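This report concerns only the one structure given below.
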Amino acid sequence: MQARTGPAARKPETSARPPLVRELSLVAGLFLLYKLGRQAATGRTAEAFRNADRVWDWERALHLPGEGAVQGVLLDSGTLVHLANTYYATVHFPATLLFLGWLYWRRPGHYVWARRVLSVLTGAALALHLLMPLAPPRLLAASGLVDTGQVYGPTVYGESPGTGSLANQFAAMPSLHVGWALMVAVGIIAATRSRWRWLWLLHPLLTLLVVIGTANHYWLDALVAVALLTGVLAVIRAPRPGSPRRGALIARSAVAAAPPAPSVAPVVSGAGR
């Protein structure tokens, strides 16, 4: 029994892994919903710019640091701003998909949790996109910021605010770039035990600086994303490695994997023969 406890303890992780085809369908469906939801705000140009003026005024009233301070650092180097644009355009989706794929293969229980959190977070963000279409600071003349994607490249958006390869440009609030990046860091920290896992917090921090420096988001977009994710995580809790349910699964698997005990025939005393 003791010799089989180690391998048996890993079986619940495998058996708890959801069917791959179902999960691929769910992720594809969520991506389609994300795309259609963001497109739903297309055409509300006047409202998007009115909201942008309000957000800009709110940030000044709250004494938040100016987005231009971060962009000024990027504009000092053409290479740096190009790298920031590339990071914005290429890291967002692949990093999240790799994160989910790794969890699915190595930590199925945490994968289900992370997929639920990302689904609820994205749904809440899409609702805000519809309730509050918002032009990004690079399109707001009052901001005085440079559209680094159009000037230095690469960019994922068309020259017209109403067009884009993925979605319209009036879905700045909240920043899903920041929300997803923070969830990637939180998920890896929760699912692993390495002392180096905290370095994953650099991913959302770098993402924050990139989305602000490229003028794709306001500080408030990021703050709202963090607040939404905090609320979702408070409701959808991460699985605990030492939870009673997991312990029971391990115990049942260990018992099932153990060979049956050999039957022992009764011993009859030879006395009296």
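Residue names in the structure tokens use chain letters A, B, ... in the order shown, residue numbers from 1 in each chain, and ligand numbers from 1 in the order shown.
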Tell me, which residues of stretch 105-221 of chain A carry DSSP strand (DSSP E or B), written as an MDAnalysis selection string?
-> chainID A and resid 134 157 164 171
Restrict the calculation to only C-alpha atoms, then for each residue of stretch 108-139 of chain A with any atom at most 12 Å from an atom of stretch 186-191 of chain A give the closest atom pair and their distance in Å to one decimal, rows by chain and rising residue number, as CSV.
residue,atom,partner,partner_atom,distance
A:Pro108,CA,A:Ala191,CA,9.8
A:Gly109,CA,A:Ala191,CA,9.1
A:His110,CA,A:Ala191,CA,6.4
A:Tyr111,CA,A:Gly187,CA,8.6
A:Val112,CA,A:Gly187,CA,10.9
A:Trp113,CA,A:Gly187,CA,8.8
A:Ala114,CA,A:Gly187,CA,6.5
A:Arg115,CA,A:Gly187,CA,10.0
A:Arg116,CA,A:Gly187,CA,11.7
A:Val117,CA,A:Gly187,CA,9.8
A:Leu118,CA,A:Gly187,CA,10.4
Resulting file, chosen residues, N, CA and C atoms, as an mmCIF file, in the first residue's frame:
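This is the output file selection08.cif:
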data_model
loop_
_atom_site.group_PDB
_atom_site.id
_atom_site.type_symbol
_atom_site.label_atom_id
_atom_site.label_comp_id
_atom_site.auth_asym_id
_atom_site.auth_seq_id
_atom_site.Cartn_x
_atom_site.Cartn_y
_atom_site.Cartn_z
ATOM 1 N N PRO A 108 -5.111 20.164 -13.726
ATOM 2 C CA PRO A 108 -6.502 20.212 -14.225
ATOM 3 C C PRO A 108 -7.469 20.922 -13.287
ATOM 4 N N GLY A 109 -7.310 20.702 -11.969
ATOM 5 C CA GLY A 109 -8.215 21.368 -11.032
ATOM 6 C C GLY A 109 -8.087 22.874 -11.094
ATOM 7 N N HIS A 110 -6.871 23.371 -11.178
ATOM 8 C CA HIS A 110 -6.647 24.808 -11.303
ATOM 9 C C HIS A 110 -7.070 25.315 -12.680
ATOM 10 N N TYR A 111 -6.989 24.450 -13.684
ATOM 11 C CA TYR A 111 -7.434 24.860 -15.021
ATOM 12 C C TYR A 111 -8.927 25.198 -15.010
ATOM 13 N N VAL A 112 -9.741 24.328 -14.423
ATOM 14 C CA VAL A 112 -11.187 24.568 -14.388
ATOM 15 C C VAL A 112 -11.479 25.877 -13.656
ATOM 16 N N TRP A 113 -10.782 26.090 -12.558
ATOM 17 C CA TRP A 113 -10.957 27.333 -11.792
ATOM 18 C C TRP A 113 -10.568 28.551 -12.627
ATOM 19 N N ALA A 114 -9.406 28.494 -13.276
ATOM 20 C CA ALA A 114 -8.933 29.633 -14.057
ATOM 21 C C ALA A 114 -9.846 29.907 -15.247
ATOM 22 N N ARG A 115 -10.324 28.847 -15.892
ATOM 23 C CA ARG A 115 -11.223 29.046 -17.032
ATOM 24 C C ARG A 115 -12.520 29.713 -16.588
ATOM 25 N N ARG A 116 -13.028 29.332 -15.443
ATOM 26 C CA ARG A 116 -14.246 29.970 -14.933
ATOM 27 C C ARG A 116 -14.008 31.435 -14.599
ATOM 28 N N VAL A 117 -12.881 31.718 -13.953
ATOM 29 C CA VAL A 117 -12.569 33.101 -13.592
ATOM 30 C C VAL A 117 -12.443 33.964 -14.837
ATOM 31 N N LEU A 118 -11.701 33.489 -15.832
ATOM 32 C CA LEU A 118 -11.524 34.258 -17.056
ATOM 33 C C LEU A 118 -12.843 34.453 -17.796
#
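Atom CA of A:Thr96 sits 16.3 Å away from atom CA of A:Val226.
Residues with any atom within 9 Å of A:Val120, counting only C-alpha atoms and excluding same-chain neighbours fewer than 5 positions away, are Arg115, Ala125, Leu229 and Val232 of chain A.
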Please provide as a PDB file with N, CA and C atoms, in the first residue's frame all residues within 10 Å of A:Ala142, with the sequence filter that same-chain residues fewer than 5 positions apart are discarded (counting only C-alpha atoms).
ATOM      1  N   ALA A  52     -14.722  59.436 -23.018  1.00  0.00           N
ATOM      2  CA  ALA A  52     -13.274  59.642 -22.925  1.00  0.00           C
ATOM      3  C   ALA A  52     -12.958  60.963 -22.229  1.00  0.00           C
ATOM      4  N   ASP A  53     -13.707  62.014 -22.576  1.00  0.00           N
ATOM      5  CA  ASP A  53     -13.506  63.306 -21.902  1.00  0.00           C
ATOM      6  C   ASP A  53     -13.783  63.182 -20.408  1.00  0.00           C
ATOM      7  N   TRP A  56     -10.933  61.233 -18.685  1.00  0.00           N
ATOM      8  CA  TRP A  56      -9.750  62.085 -18.598  1.00  0.00           C
ATOM      9  C   TRP A  56      -9.891  63.088 -17.455  1.00  0.00           C
ATOM     10  N   PRO A 137      -7.051  56.733 -25.070  1.00  0.00           N
ATOM     11  CA  PRO A 137      -6.380  58.047 -24.995  1.00  0.00           C
ATOM     12  C   PRO A 137      -5.627  58.429 -26.268  1.00  0.00           C
TER      13      PRO A 137
END
Restricting to only C-alpha atoms, whichever of A:Thr192, A:Met173, A:Arg138, A:Ala46 is closest to A:Arg240 is A:Thr192
Skip stretch 202-212 of chain A itself and residues of its chain fewer than 3 positions away, then list as a ChimeraX atom specification all residues within 10 Å of it, counting only C-alpha atoms.
-> /A:66-71,74,81,83-88,91-92,95,136-138,175,177-186,198-199,215-219,221-223
Skip A:Gly72 itself and residues of its chain fewer than 6 positions away, then list as a list in words all residues within 10 Å of it, counting only C-alpha atoms.
->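 Answer for this query is Val81, Leu145, Val146, Gly213 and Thr214 of chain A.
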For atom CA of A:Leu30 and atom CA of A:Ala16, the interatomic separation in Å (one decimal) |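 Rounded to one decimal, the two atoms are 21.8 Å apart.
Considering only C-alpha atoms, the residue among A:Trp105, A:Trp58, A:Tyr34, A:Tyr157 positioned nearest to A:Gly123 is A:Tyr34.
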Using DSSP on the backbone, list every residue of stretch 23-204 of chain A that comes out as alpha helix (DSSP H), and give them as a PyMOL selection string.
-> chain A and resi 23-39+45-61+67-75+78-90+92-106+108-131+148-152+176-191+202-204
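Separating atom CA of A:Leu33 from atom CA of A:Leu176 is a distance of 14.0 Å.
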Would you kindly return, as a PyMOL selection string, each protein, DNA or RNA residue with an atom no farther than 8 Å from any atom of A:His82, considering only C-alpha atoms and excluding same-chain residues fewer than 5 positions away?
-> chain A and resi 152-154
Given the selection you just returned, output its residues as a file containing all heavy atoms, formatted as a compact mmCIF listing (two decimals), in the first residue's frame.
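Result saved to part-v6.txt:
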# COMPACT_ATOMS: atom_id res chain seq x y z
N TYR A 152 4.73 54.13 -35.19
CA TYR A 152 5.95 53.30 -35.15
C TYR A 152 5.69 51.85 -35.56
O TYR A 152 6.61 51.17 -35.99
CB TYR A 152 6.55 53.33 -33.75
CG TYR A 152 7.02 54.70 -33.31
CD1 TYR A 152 6.17 55.55 -32.61
CD2 TYR A 152 8.30 55.13 -33.60
CE1 TYR A 152 6.59 56.80 -32.20
CE2 TYR A 152 8.74 56.39 -33.19
CZ TYR A 152 7.87 57.22 -32.49
OH TYR A 152 8.29 58.47 -32.10
N GLY A 153 4.44 51.38 -35.40
CA GLY A 153 4.09 50.00 -35.71
C GLY A 153 4.73 49.01 -34.74
O GLY A 153 5.65 49.36 -34.00
N PRO A 154 4.24 47.78 -34.75
CA PRO A 154 3.03 47.33 -35.46
C PRO A 154 1.77 47.71 -34.70
O PRO A 154 1.83 48.11 -33.54
CB PRO A 154 3.22 45.81 -35.49
CG PRO A 154 3.96 45.52 -34.22
CD PRO A 154 4.90 46.68 -34.02
